[in-house]
file data.txt (compact mmCIF, C-alpha atoms)
# COMPACT_ATOMS: atom_id res chain seq x y z
CA MET A 418 0.00 0.00 0.00
CA GLU A 419 1.37 3.41 -1.00
CA ARG A 420 0.85 5.19 2.27
CA TYR A 421 3.80 7.16 3.53
CA ALA A 422 4.96 8.66 0.22
CA TYR A 423 3.15 11.98 0.67
CA LYS A 424 5.47 14.93 0.11
CA PRO A 425 4.69 18.38 1.55
CA VAL A 426 3.94 20.93 -1.17
CA ARG A 427 4.75 24.65 -1.15
CA ASN A 428 3.41 25.98 -4.45
CA SER A 429 1.15 25.20 -7.38
CA VAL A 430 3.85 23.34 -9.32
CA GLU A 431 4.51 20.99 -6.42
CA PHE A 432 0.75 20.60 -5.85
CA LYS A 433 0.21 19.47 -9.43
CA SER A 434 3.14 17.08 -9.24
CA GLU A 435 2.01 15.48 -5.97
CA PHE A 436 -1.61 15.26 -7.08
CA SER A 437 -0.56 13.60 -10.34
CA ARG A 438 1.50 11.09 -8.36
CA ILE A 439 -1.48 10.22 -6.16
CA LYS A 440 -3.72 9.83 -9.22
CA ARG A 441 -1.22 7.37 -10.72
CA ILE A 442 -1.31 5.05 -7.69
CA ARG A 443 -2.63 1.66 -8.81
CA HIS A 444 -3.32 0.24 -5.35
CA PHE A 445 -6.97 -0.24 -4.36
CA TYR A 446 -7.61 0.99 -0.83
CA THR A 447 -9.94 -1.10 1.31
CA ALA A 448 -12.54 0.59 3.52
CA TRP A 449 -10.05 0.45 6.40
CA GLU A 450 -7.16 1.79 4.28
CA ALA A 451 -9.18 4.59 2.64
CA ARG A 452 -8.38 6.87 5.57
CA TYR A 453 -4.75 6.90 4.46
CA LEU A 454 -5.60 7.99 0.92
CA ALA A 455 -7.99 10.58 2.33
CA GLY A 456 -5.30 11.73 4.76
CA ASP A 457 -2.76 12.32 2.00
CA LEU A 458 -5.31 14.23 -0.06
CA HIS A 459 -6.44 16.22 2.97
CA ASN A 460 -2.82 17.26 3.59
CA LEU A 461 -2.63 18.33 -0.03
CA LEU A 462 -5.73 20.49 0.29
CA GLU A 463 -4.58 22.10 3.51
CA ALA A 464 -1.22 22.89 1.91
CA LEU A 465 -3.04 24.54 -0.98
CA ASP A 466 -5.03 26.64 1.47
CA VAL A 467 -1.93 28.36 2.88
CA MET A 468 0.46 28.36 -0.06
CA PRO A 469 1.50 31.81 -1.38
CA GLU A 470 -0.44 31.69 -4.65
CA PRO A 471 -3.14 34.01 -6.07
CA PRO A 472 -6.73 32.94 -5.28
CA GLU A 473 -7.38 32.48 -9.00
CA THR A 474 -4.65 29.84 -9.11
CA LYS A 475 -6.07 28.10 -6.06
CA VAL A 476 -9.62 27.85 -7.40
CA LYS A 477 -8.29 26.42 -10.67
CA LEU A 478 -6.32 23.80 -8.75
CA LEU A 479 -9.41 22.97 -6.70
CA ALA A 480 -11.47 22.66 -9.88
CA ALA A 481 -8.89 20.16 -11.17
CA PHE A 482 -9.22 18.33 -7.85
CA PHE A 483 -12.99 18.02 -8.39
CA LYS A 484 -12.56 16.93 -12.00
CA ALA A 485 -10.45 14.00 -10.82
CA ASP A 486 -13.16 12.68 -8.48
CA SER A 487 -13.81 9.47 -10.43
CA ASN A 488 -10.09 8.68 -10.51
CA ILE A 489 -9.77 9.23 -6.76
CA VAL A 490 -12.98 7.60 -5.54
CA ASN A 491 -12.52 4.55 -7.75
CA LYS A 492 -9.26 3.84 -5.93
CA CYS A 493 -11.00 2.95 -2.67
CA ASP A 494 -13.93 1.47 -0.82
CA ASP A 495 -15.53 4.59 0.66
CA SER A 496 -17.88 2.77 3.05
CA TYR A 497 -16.90 5.11 5.89
CA GLY A 498 -17.47 8.29 3.88
CA GLU A 499 -13.86 9.47 3.93
CA MET A 500 -14.08 10.81 0.37
CA SER A 501 -17.34 12.64 1.00
CA MET A 502 -15.74 14.51 3.90
CA LEU A 503 -12.68 15.22 1.77
CA TYR A 504 -14.67 16.72 -1.10
CA GLY A 505 -16.82 18.64 1.36
CA ARG A 506 -13.62 20.26 2.58
CA ALA A 507 -12.58 20.96 -1.01
CA GLY A 508 -15.90 22.76 -1.51
CA GLU A 509 -15.29 24.91 1.56
CA LEU A 510 -11.84 25.88 0.33
CA PHE A 511 -13.21 26.70 -3.12
CA ALA A 512 -15.73 29.09 -1.56
CA LYS A 513 -13.04 30.68 0.61
CA HIS A 514 -10.66 31.43 -2.25
CA ALA A 515 -13.35 32.15 -4.85
CA ALA A 516 -14.54 35.01 -2.64
CA LEU A 517 -11.07 36.59 -2.98
CA CYS A 518 -11.00 36.46 -6.78
CA ALA A 519 -11.38 39.77 -8.58
CA ASP A 520 -12.91 38.12 -11.64
CA GLN A 521 -16.08 36.48 -10.34
CA ALA A 522 -17.29 35.79 -13.90
CA MET A 523 -14.22 33.58 -14.34
CA VAL A 524 -15.12 31.68 -11.19
CA ALA A 525 -18.68 31.12 -12.44
CA LYS A 526 -17.39 29.80 -15.77
CA LEU A 527 -15.00 27.51 -13.93
CA VAL A 528 -17.85 26.11 -11.84
CA LEU A 529 -19.95 25.54 -14.96
CA LYS A 530 -17.12 23.83 -16.83
CA THR A 531 -16.15 21.63 -13.87
CA TYR A 532 -19.68 20.56 -13.02
CA SER A 533 -20.55 19.96 -16.68
CA SER A 534 -17.81 17.38 -17.00
CA ASP A 535 -18.67 15.62 -13.73
CA THR A 536 -19.94 12.07 -13.98
CA TYR A 537 -19.28 10.79 -10.47
CA GLY A 538 -21.17 13.12 -8.14
CA MET A 539 -18.53 14.69 -5.92
CA CYS A 540 -19.02 17.99 -7.75
CA ASP A 541 -22.28 18.31 -5.83
CA PHE A 542 -20.04 19.61 -3.04
CA LEU A 543 -18.73 22.25 -5.44
CA LEU A 544 -22.29 23.49 -5.96
CA GLU A 545 -23.38 23.12 -2.34
CA LYS A 546 -20.36 24.63 -0.60
CA GLY A 547 -18.15 26.12 -3.29
CA CYS A 548 -20.73 28.57 -4.66
CA GLU A 549 -21.83 30.05 -1.34
CA GLY A 550 -19.95 33.31 -1.78
CA LEU A 551 -20.62 33.98 -5.46
CA PRO A 552 -22.41 37.24 -6.32
CA GLN A 553 -26.14 36.97 -7.02
CA LYS A 554 -25.72 37.92 -10.69
CA ASN A 555 -23.18 35.14 -11.22
CA LEU A 556 -25.40 32.61 -9.46
CA ARG A 557 -28.23 33.69 -11.73
CA VAL A 558 -26.01 33.29 -14.81
CA LEU A 559 -25.00 29.81 -13.63
CA ALA A 560 -28.63 28.84 -13.07
CA GLY A 561 -29.45 29.90 -16.62
CA ALA A 562 -26.45 28.05 -18.05
CA PHE A 563 -27.37 24.87 -16.18
CA TRP A 564 -30.96 25.14 -17.41
CA THR A 565 -29.78 25.52 -21.02
CA ALA A 566 -27.47 22.53 -20.57
CA ALA A 567 -30.33 20.48 -19.11
CA GLU A 568 -32.58 21.21 -22.07
CA ALA A 569 -29.82 20.17 -24.48
CA ALA A 570 -28.77 17.07 -22.52
CA GLY A 571 -29.91 13.53 -23.07
CA LYS A 572 -32.22 11.77 -20.63
CA GLU A 573 -29.37 10.42 -18.49
CA ARG A 574 -27.71 13.82 -17.98
CA LYS A 575 -30.78 16.05 -17.77
CA GLY A 576 -31.20 15.50 -14.02
CA HIS A 577 -27.53 16.32 -13.44
CA PHE A 578 -27.92 19.82 -14.85
CA PHE A 579 -31.28 20.48 -13.22
CA GLN A 580 -29.55 19.63 -9.95
CA GLY A 581 -27.23 22.51 -10.78
CA VAL A 582 -30.21 24.81 -11.28
CA LYS A 583 -31.73 23.73 -7.96
CA ALA A 584 -28.45 24.29 -6.13
CA MET A 585 -28.20 27.81 -7.54
CA ALA A 586 -31.84 28.45 -6.62
CA GLU A 587 -31.10 27.58 -3.00
CA HIS A 588 -28.13 29.96 -2.94
CA LEU A 589 -30.31 32.64 -4.53
CA LYS A 590 -33.12 32.06 -1.99
CA ASP A 591 -35.41 31.61 -5.00
CA PRO A 592 -37.78 28.73 -4.17
CA GLU A 593 -39.93 29.40 -7.26
CA LEU A 594 -36.91 28.72 -9.48
CA TYR A 595 -36.21 25.56 -7.46
CA GLU A 596 -39.80 24.39 -7.99
CA ARG A 597 -39.75 25.16 -11.71
CA ALA A 598 -36.52 23.20 -12.10
CA PHE A 599 -37.97 20.25 -10.21
CA SER A 600 -41.06 20.32 -12.42
CA ALA A 601 -39.04 20.58 -15.63
CA GLU A 602 -36.78 17.71 -14.53
CA TYR A 603 -39.79 15.40 -14.22
CA GLY A 604 -41.64 16.41 -17.34
CA GLY A 605 -43.78 19.13 -15.83
CA ILE A 606 -44.99 17.05 -12.89
CA ILE A 607 -43.96 17.25 -9.24
CA HIS A 608 -44.96 14.03 -7.53
CA ASP A 609 -46.27 13.94 -3.96
CA GLY A 610 -43.02 12.37 -2.79
CA HIS A 611 -41.05 15.38 -4.04
CA LEU A 612 -43.23 18.08 -2.48
CA PRO A 613 -41.69 17.86 1.04
CA GLY A 614 -38.32 18.72 -0.46
CA VAL A 615 -39.78 21.67 -2.34
CA ALA A 616 -41.58 22.83 0.81
CA GLN A 617 -38.33 22.62 2.76
CA VAL A 618 -36.68 25.01 0.31
CA TYR A 619 -39.52 27.52 0.70
CA PHE A 620 -39.14 27.27 4.47
CA ASN A 621 -35.35 27.64 4.31
CA CYS A 622 -35.90 30.80 2.26
CA GLY A 623 -38.03 32.33 5.01
CA ARG A 624 -41.38 31.54 3.40
CA PRO A 625 -43.22 29.33 5.94
CA ALA A 626 -46.72 30.13 4.62
CA GLN A 627 -45.74 29.07 1.10
CA ALA A 628 -44.02 25.98 2.49
CA LEU A 629 -47.27 25.02 4.19
CA ALA A 630 -49.20 25.59 0.95
CA VAL A 631 -46.83 23.19 -0.86
CA LEU A 632 -47.30 20.48 1.78
CA GLU A 633 -51.07 20.89 1.56
CA ARG A 634 -50.85 19.91 -2.12
CA ILE A 635 -49.95 16.35 -1.06
CA LYS A 636 -52.95 14.08 -1.57
CA PRO A 637 -54.68 12.80 1.59
CA GLY A 638 -53.63 9.34 2.66
CA ILE A 639 -50.08 9.58 1.29
CA SER A 640 -47.76 8.39 4.06
CA PHE A 641 -44.47 8.61 2.13
CA ARG A 642 -41.90 10.74 4.00
CA MET A 643 -44.46 11.37 6.74
CA GLU A 644 -41.87 11.81 9.49
CA GLU A 645 -39.93 14.33 7.42
CA ARG A 646 -43.15 16.20 6.62
CA ASP A 647 -44.21 16.36 10.25
CA GLU A 648 -40.83 17.69 11.36
CA LEU A 649 -41.14 20.41 8.73
CA LEU A 650 -44.73 21.12 9.83
CA LEU A 651 -43.53 21.59 13.40
CA ASN A 652 -41.06 24.22 12.21
CA ILE A 653 -43.66 25.86 9.98
CA TYR A 654 -46.34 26.12 12.67
CA LYS A 655 -43.77 27.45 15.11
CA ALA A 656 -42.73 30.13 12.59
CA LEU A 657 -46.39 31.00 11.95
CA ASP A 658 -47.15 30.97 15.68
CA ASN A 659 -50.01 28.54 15.07
CA ARG A 660 -50.17 27.00 18.54
CA PRO A 661 -53.14 24.62 18.02
CA LYS A 662 -51.62 23.07 14.89
CA LEU A 663 -48.21 22.92 16.54
CA GLU A 664 -49.61 20.92 19.46
CA GLU A 665 -51.65 18.69 17.16
CA THR A 666 -48.59 17.85 15.08
CA ALA A 667 -46.41 17.30 18.15
CA TRP A 668 -48.94 14.78 19.45
CA ARG A 669 -49.05 13.00 16.09
CA VAL A 670 -45.26 12.72 15.97
CA PHE A 671 -45.10 11.41 19.53
CA LEU A 672 -47.88 8.85 19.15
CA ARG A 673 -46.46 7.51 15.90
CA ARG A 674 -43.37 6.38 17.80
CA ARG A 675 -43.07 7.27 21.45
CA ASN A 676 -39.58 8.51 22.30
CA ALA A 677 -37.94 10.88 24.74
CA THR A 678 -37.24 13.62 22.18
CA ALA A 679 -40.85 13.83 21.02
CA PHE A 680 -42.07 13.67 24.62
CA GLU A 681 -39.84 16.55 25.68
CA ARG A 682 -41.19 18.59 22.78
CA LEU A 683 -44.73 17.92 24.04
CA VAL A 684 -43.81 18.92 27.57
CA SER A 685 -42.23 22.14 26.32
CA LEU A 686 -45.49 22.99 24.54
CA LEU A 687 -47.97 21.85 27.19
CA GLY A 688 -46.03 22.90 30.27
CA GLU A 689 -43.52 21.32 32.63
CA GLU A 690 -46.21 21.07 35.31
CA ARG A 691 -47.99 18.48 33.15
CA ARG A 692 -44.99 16.17 32.74
CA ALA A 693 -46.05 13.58 35.35
CA GLU A 694 -49.69 13.66 34.21
CA LEU A 695 -48.69 13.08 30.58
CA LEU A 696 -46.26 10.33 31.47
CA ASP A 697 -48.83 8.52 33.61
CA ALA A 698 -51.42 8.74 30.84
CA GLU A 699 -49.06 7.44 28.15
CA THR A 700 -47.86 4.62 30.38
CA ALA A 701 -51.47 3.54 30.89
CA LYS A 702 -52.04 3.59 27.12
CA ILE A 703 -48.94 1.47 26.56
CA PHE A 704 -50.21 -1.20 28.92
CA ALA A 705 -53.68 -1.09 27.35
CA THR A 706 -52.31 -1.71 23.84
CA PRO A 707 -51.38 -5.20 22.54
CA GLY A 708 -47.65 -5.72 22.51
CA PRO A 709 -44.83 -5.97 22.88
CA ASN A 710 -43.90 -2.67 21.28
CA TYR A 711 -40.16 -2.15 21.46
CA TYR A 712 -40.38 1.61 20.91
CA ASP A 713 -42.62 1.77 23.96
CA ILE A 714 -40.15 -0.25 26.04
CA SER A 715 -37.37 2.12 25.02
CA PHE A 716 -39.56 5.11 25.86
CA LEU A 717 -40.36 3.79 29.34
CA LEU A 718 -36.66 3.25 29.99
CA GLU A 719 -35.72 6.69 28.63
CA ALA A 720 -38.40 8.25 30.82
CA GLY A 721 -36.99 6.54 33.89
CA ARG A 722 -40.04 4.32 34.33
CA ILE A 723 -37.99 1.29 35.36
CA ASP A 724 -40.78 -0.38 37.34
CA ASP A 725 -43.20 -0.01 34.44
CA ALA A 726 -40.65 -1.23 31.88
CA GLU A 727 -39.93 -4.28 34.03
CA LYS A 728 -43.65 -5.01 34.46
CA TYR A 729 -44.26 -4.59 30.73
CA MET A 730 -41.45 -6.97 29.73
CA LEU A 731 -42.48 -9.58 32.27
CA GLY A 732 -46.05 -9.33 31.01
CA HIS A 733 -44.85 -10.02 27.45
CA ALA A 734 -42.15 -12.53 28.37
CA GLU A 735 -43.47 -15.23 26.05
CA ARG A 736 -43.66 -12.88 23.06
CA LEU A 737 -40.30 -11.12 23.24
CA ASP A 738 -38.47 -11.49 19.93
CA GLY A 739 -34.94 -12.67 20.50
CA ASP A 740 -34.01 -11.85 16.91
CA LEU A 741 -34.00 -8.19 17.99
CA TYR A 742 -30.87 -8.84 19.99
CA THR A 743 -29.57 -5.27 19.93
CA HIS A 744 -32.71 -3.98 21.63
CA LEU A 745 -32.97 -6.86 24.08
CA LEU A 746 -29.34 -6.69 25.15
CA ASN A 747 -29.69 -2.95 25.78
CA TYR A 748 -32.83 -3.54 27.82
CA ALA A 749 -31.12 -6.28 29.81
CA ALA A 750 -28.18 -4.01 30.60
CA VAL A 751 -30.53 -1.36 32.02
CA MET A 752 -32.48 -3.95 33.99
CA GLU A 753 -29.32 -5.33 35.54
CA GLU A 754 -28.08 -1.83 36.32
CA HIS A 755 -31.22 -1.48 38.45
CA LYS A 756 -30.93 -5.05 39.81
CA ARG A 757 -34.06 -6.23 38.05
CA TRP A 758 -32.69 -9.71 37.60
CA LEU A 759 -35.96 -11.39 36.63
CA ALA A 760 -36.53 -9.01 33.71
CA SER A 761 -33.02 -9.75 32.51
CA VAL A 762 -33.80 -13.47 32.77
CA VAL A 763 -36.79 -13.28 30.40
CA LEU A 764 -34.78 -11.13 27.98
CA HIS A 765 -31.85 -13.54 27.92
CA ARG A 766 -34.19 -16.50 27.52
CA ALA A 767 -35.68 -14.85 24.44
CA LEU A 768 -32.18 -14.31 23.05
CA LEU A 769 -31.14 -17.90 23.73
CA GLU A 770 -34.32 -19.46 22.35
CA SER A 771 -34.03 -17.40 19.17
CA ILE A 772 -30.57 -18.85 18.54
CA LEU A 773 -31.60 -22.41 19.29
CA ALA A 774 -34.72 -22.12 17.12
CA ARG A 775 -32.63 -21.02 14.13
CA ALA A 776 -30.17 -23.88 14.74
CA ILE A 777 -27.30 -22.11 12.98
CA THR A 778 -24.09 -23.34 14.57
CA LYS A 779 -22.07 -20.13 14.07
CA TYR A 780 -24.41 -18.43 16.56
CA TYR A 781 -24.11 -21.14 19.20
CA PRO A 782 -21.24 -19.41 21.04
CA TYR A 783 -23.60 -16.51 21.74
CA GLY A 784 -26.27 -18.92 22.92
CA ALA A 785 -23.79 -20.63 25.23
CA LYS A 786 -22.80 -17.24 26.62
CA TYR A 787 -26.45 -16.38 27.30
CA LEU A 788 -27.08 -19.68 29.06
CA VAL A 789 -24.05 -19.20 31.32
CA HIS A 790 -25.37 -15.75 32.15
CA LEU A 791 -28.79 -17.21 32.89
CA ASN A 792 -27.13 -19.56 35.38
CA LEU A 793 -25.76 -16.54 37.22
CA LEU A 794 -29.04 -14.63 37.05
CA GLY A 795 -30.90 -17.66 38.35
CA GLU A 796 -28.93 -17.42 41.60
CA LEU A 797 -29.83 -13.75 42.01
CA VAL A 798 -33.59 -14.01 41.51
CA LYS A 799 -35.41 -14.43 44.82
CA ASP A 800 -39.01 -14.15 43.62
CA TRP A 801 -39.86 -15.78 40.28
CA ARG A 802 -43.36 -14.24 40.18
CA GLY A 803 -44.87 -16.99 38.07
CA VAL A 804 -41.88 -17.24 35.74
CA LEU A 805 -40.46 -20.75 35.44
CA PRO A 806 -37.47 -21.03 37.84
CA HIS A 807 -34.10 -21.48 36.22
CA SER A 808 -33.51 -25.05 37.42
CA GLU A 809 -36.74 -26.19 35.80
CA TYR A 810 -36.16 -24.06 32.72
CA PHE A 811 -32.71 -25.61 32.28
CA LYS A 812 -34.12 -29.14 32.41
CA GLU A 813 -36.76 -28.34 29.82
CA LEU A 814 -34.17 -26.65 27.59
CA GLU A 815 -31.84 -29.64 27.87
CA ALA A 816 -34.62 -32.03 26.90
CA ALA A 817 -35.91 -29.96 24.02
CA HIS A 818 -32.48 -29.37 22.45
CA ALA A 819 -30.63 -32.50 23.46
CA ARG A 820 -29.64 -33.25 19.87
CA LYS A 821 -27.85 -29.93 19.42
CA VAL A 822 -24.53 -31.48 20.40
CA SER A 823 -22.46 -28.58 19.06
CA PHE A 824 -24.32 -26.11 21.25
CA TRP A 825 -23.89 -28.15 24.44
CA GLU A 826 -20.19 -28.63 23.72
CA LYS A 827 -19.74 -24.85 23.48
CA TYR A 828 -21.76 -24.37 26.64
CA ARG A 829 -19.70 -26.87 28.66
CA ARG A 830 -16.48 -25.14 27.62
CA ARG A 831 -17.78 -21.99 29.31
CA VAL A 832 -18.92 -23.49 32.63
call {"tool": "encode", "arguments": {"input": "data.txt", "output": "C-alpha cells"}}
result
Amino acid sequence: MERYAYKPVRNSVEFKSEFSRIKRIRHFYTAWEARYLAGDLHNLLEALDVMPEPPETKVKLLAAFFKADSNIVNKCDDSYGEMSMLYGRAGELFAKHAALCADQAMVAKLVLKTYSSDTYGMCDFLLEKGCEGLPQKNLRVLAGAFWTAAEAAGKERKGHFFQGVKAMAEHLKDPELYERAFSAEYGGIIHDGHLPGVAQVYFNCGRPAQALAVLERIKPGISFRMEERDELLLNIYKALDNRPKLEETAWRVFLRRRNATAFERLVSLLGEERRAELLDAETAKIFATPGPNYYDISFLLEAGRIDDAEKYMLGHAERLDGDLYTHLLNYAAVMEEHKRWLASVVLHRALLESILARAITKYYPYGAKYLVHLNLLGELVKDWRGVLPHSEYFKELEAAHARKVSFWEKYRRRV
C-alpha cells in the first residue's frame, strides 16, 4: 500500500506534481485503508489553502481536484465516507478562495465547466459549498447556463444539470426557481413524494406560509416521507405561531413512535407542570395496547419508568423477539443496572431461544454465553413471580435441544 509517500507541497507546481502522483497510484484501498488515501489528499488540500499563490490559481487547482473525483474515488472502498468529507472540505476551500477572486465571472465559468464534465457526483459539493460566496448575478447566470445545458442534454444527464439549477436556486433564496426546475426535470410534474423537499426550500428561504401551501398539495392518505413532513410542519407552525396546529402535530409525531425527544417537545409545549400527568397517561395507554412494542419499552426506559418497563417486559415474556438482539441486550443491561434480575432473565431466555430455534451453529457461542449468564441470574432471583425457575427451565431446555450437540459442547467449555 502506497501510504507514507506523501510529500509536503509549497506551491502550485509541487501541488500538481504530488496530485498527479497520487492519481497514478494503482493500489486499491480497502474501507479500512481509505483513511490513508484521504489523509494524504487532505494534507494536499490544507497545503493549498496556505500556499502563497493568487486565489485564481487556487480555485483552478481545486477545480482540477474536483474533476479528478472518479479517478480518486474509484481507488477505494468509501464505506466510511472518507471521500465525502474530503470533497466537502474541497468545496469549503473553493468558496473561501473564490470570494477573494477579482474576476467572479471567471469563477462562475469555472464552476460551470467543472460541473458539466462531472460524472461521479462529488461535484455536488462544489455546488453546495463552493458557490456560497458567489455574487447573485453570477449565481443567476449559472442557473441559466445549467438550465440551457439540461434542455440540451440527453435523458441520463438532464437531471444532473437540473440539480445545478436547484443548487443555484437555493443559494439565490429563490424557491420558485427551485420548484420550476424540479417540475421541468420530471416532465412538468412534481410528484407527492417530491413536495416535502420543495416545501423545505420555501421554508429555508423564510417563506413558511408558502411551504405550508406546498405540503397541503400532497394528496390525503399519502404516508411517504411522513416523518420528514411532520418535522417540517412543526417548524412551519412554530414560525407562523399557530399554537393549536403545533400541538396537534407534536402529538401525532409522539404517538407515531413514542420517544424521549418527542415527549420533551410535548412537555415544552404543554407545560412542565404536566410532565407527570402526561407520562402517567401514556404509560397507561402502553399497557392497554397489545404488545410488545419495542419503541414503547425504550420510551419507558428513557423516561426513567424502570418499574413499568420491568412489568411490561415480564407481562410479554413469552412474546419477546430474541431476533431483535440489539434492543434486548440494551434492555437487559438497564435492567441489571437497576438489579431487576428477573426481567433480565426473560430477555436472555428470548435471546437464547431465538438462537436455538434457528439452529445455525455459528451463533451457538452466543447462545452458550447467554445460558451461562442465565445460570448466574438464576442465583440472584429471589421471587420468580410466576416465571419458570431457572432449574426447571434448564431441564426443559436440555430435553428440548438435546440433539444440538455442538451447542452443548460450546456451553460446557464456558462453565
call {"tool": "closest_residue", "arguments": {"input": "data.txt", "among": "A:Leu686, A:Glu473, A:His733, A:Gly576", "to": "Pro661 (chain A)", "atoms": "all atoms listed in the file"}}
result
A:Leu686
call {"tool": "residues_near_point", "arguments": {"input": "data.txt", "point": "(-30.5, 22.4, -21.0)", "cutoff": "12 Å", "atoms": "only C-alpha atoms", "output": "VMD selection string"}}
result
chain A and resid 533 559 to 572 574 to 582 598 601 to 602
call {"tool": "write_last_selection", "arguments": {"input": "data.txt", "atoms": "C-alpha atoms", "output": "JSON list (two decimals), in the frame of the given file"}}
result
[["chain", "number", "residue", "atom", "x", "y", "z"],
["A", 533, "SER", "CA", -20.55, 19.96, -16.68],
["A", 559, "LEU", "CA", -25.00, 29.81, -13.63],
["A", 560, "ALA", "CA", -28.63, 28.84, -13.07],
["A", 561, "GLY", "CA", -29.45, 29.90, -16.62],
["A", 562, "ALA", "CA", -26.45, 28.05, -18.05],
["A", 563, "PHE", "CA", -27.37, 24.87, -16.18],
["A", 564, "TRP", "CA", -30.96, 25.14, -17.41],
["A", 565, "THR", "CA", -29.78, 25.52, -21.02],
["A", 566, "ALA", "CA", -27.47, 22.53, -20.57],
["A", 567, "ALA", "CA", -30.33, 20.48, -19.11],
["A", 568, "GLU", "CA", -32.58, 21.21, -22.07],
["A", 569, "ALA", "CA", -29.82, 20.17, -24.48],
["A", 570, "ALA", "CA", -28.77, 17.07, -22.52],
["A", 571, "GLY", "CA", -29.91, 13.53, -23.07],
["A", 572, "LYS", "CA", -32.22, 11.77, -20.63],
["A", 574, "ARG", "CA", -27.71, 13.82, -17.98],
["A", 575, "LYS", "CA", -30.78, 16.05, -17.77],
["A", 576, "GLY", "CA", -31.20, 15.50, -14.02],
["A", 577, "HIS", "CA", -27.53, 16.32, -13.44],
["A", 578, "PHE", "CA", -27.92, 19.82, -14.85],
["A", 579, "PHE", "CA", -31.28, 20.48, -13.22],
["A", 580, "GLN", "CA", -29.55, 19.63, -9.95],
["A", 581, "GLY", "CA", -27.23, 22.51, -10.78],
["A", 582, "VAL", "CA", -30.21, 24.81, -11.28],
["A", 598, "ALA", "CA", -36.52, 23.20, -12.10],
["A", 601, "ALA", "CA", -39.04, 20.58, -15.63],
["A", 602, "GLU", "CA", -36.78, 17.71, -14.53]]
call {"tool": "closest_residue", "arguments": {"input": "data.txt", "among": "A:Phe511, A:Tyr532, A:Phe599, A:Phe680", "to": "Gly550 (chain A)", "atoms": "only C-alpha atoms"}}
result
A:Phe511
call {"tool": "residues_near_point", "arguments": {"input": "data.txt", "point": "(-42.6, 26.9, 11.8)", "cutoff": "10 Å", "atoms": "all atoms listed in the file", "output": "VMD selection string"}}
result
chain A and resid 620 623 to 626 628 to 629 648 to 659 663
call {"tool": "atom_distance", "arguments": {"input": "data.txt", "atom1": "CA of Met643 (chain A)", "atom2": "CA of Asp713 (chain A)"}}
result
19.8 Å
call {"tool": "residues_around", "arguments": {"input": "data.txt", "residues": "Glu681 (chain A)", "least_positions_apart": "3", "cutoff": "12 Å", "atoms": "all atoms listed in the file", "output": "NGL selection string"}}
result
:A and (667-668 or 670-671 or 675-678 or 684-689 or 691-693 or 695-696 or 716 or 719-720)
call {"tool": "closest_residue", "arguments": {"input": "data.txt", "among": "A:Leu589, A:Ala819, A:Val467, A:Ala448", "to": "Asn621 (chain A)", "atoms": "all atoms listed in the file"}}
result
A:Leu589
call {"tool": "residues_around", "arguments": {"input": "data.txt", "residues": "Val430 (chain A)", "least_positions_apart": "5", "cutoff": "12 Å", "atoms": "only C-alpha atoms", "output": "PyMOL selection string"}}
result
chain A and resi 425+435-437+465+468-470+474-475+478
call {"tool": "atom_distance", "arguments": {"input": "data.txt", "atom1": "CA of Tyr497 (chain A)", "atom2": "CA of Ile439 (chain A)"}}
result
20.2 Å
call {"tool": "closest_residue", "arguments": {"input": "data.txt", "among": "A:Thr778, A:Gln521, A:Phe641, A:Asp535", "to": "Asn555 (chain A)", "atoms": "only C-alpha atoms"}}
result
A:Gln521
call {"tool": "atom_distance", "arguments": {"input": "data.txt", "atom1": "CA of Ile635 (chain A)", "atom2": "CA of Asp609 (chain A)"}}
result
5.3 Å
call {"tool": "closest_residue", "arguments": {"input": "data.txt", "among": "A:Ala734, A:Leu517, A:Leu769, A:Ala760", "to": "Asp800 (chain A)", "atoms": "all atoms listed in the file"}}
result
A:Ala760
call {"tool": "residues_around", "arguments": {"input": "data.txt", "residues": "Pro613 (chain A)", "least_positions_apart": "5", "cutoff": "8 Å", "atoms": "all atoms listed in the file", "output": "list in words"}}
result
Val631, Leu632, Arg642, Glu645 and Arg646 of chain A
call {"tool": "residues_around", "arguments": {"input": "data.txt", "residues": "Lys492 (chain A)", "least_positions_apart": "6", "cutoff": "9 Å", "atoms": "only C-alpha atoms", "output": "NGL selection string"}}
result
:A and (440 or 442-447 or 451 or 454)
call {"tool": "closest_residue", "arguments": {"input": "data.txt", "among": "A:Trp825, A:Tyr537, A:Tyr742, A:Tyr748", "to": "Met730 (chain A)", "atoms": "all atoms listed in the file"}}
result
A:Tyr748
call {"tool": "residues_around", "arguments": {"input": "data.txt", "residues": "Leu717 (chain A)", "least_positions_apart": "6", "cutoff": "8 Å", "atoms": "all atoms listed in the file", "output": "list in words"}}
result
Thr700, Ile723, Asp725 and Ala726 of chain A
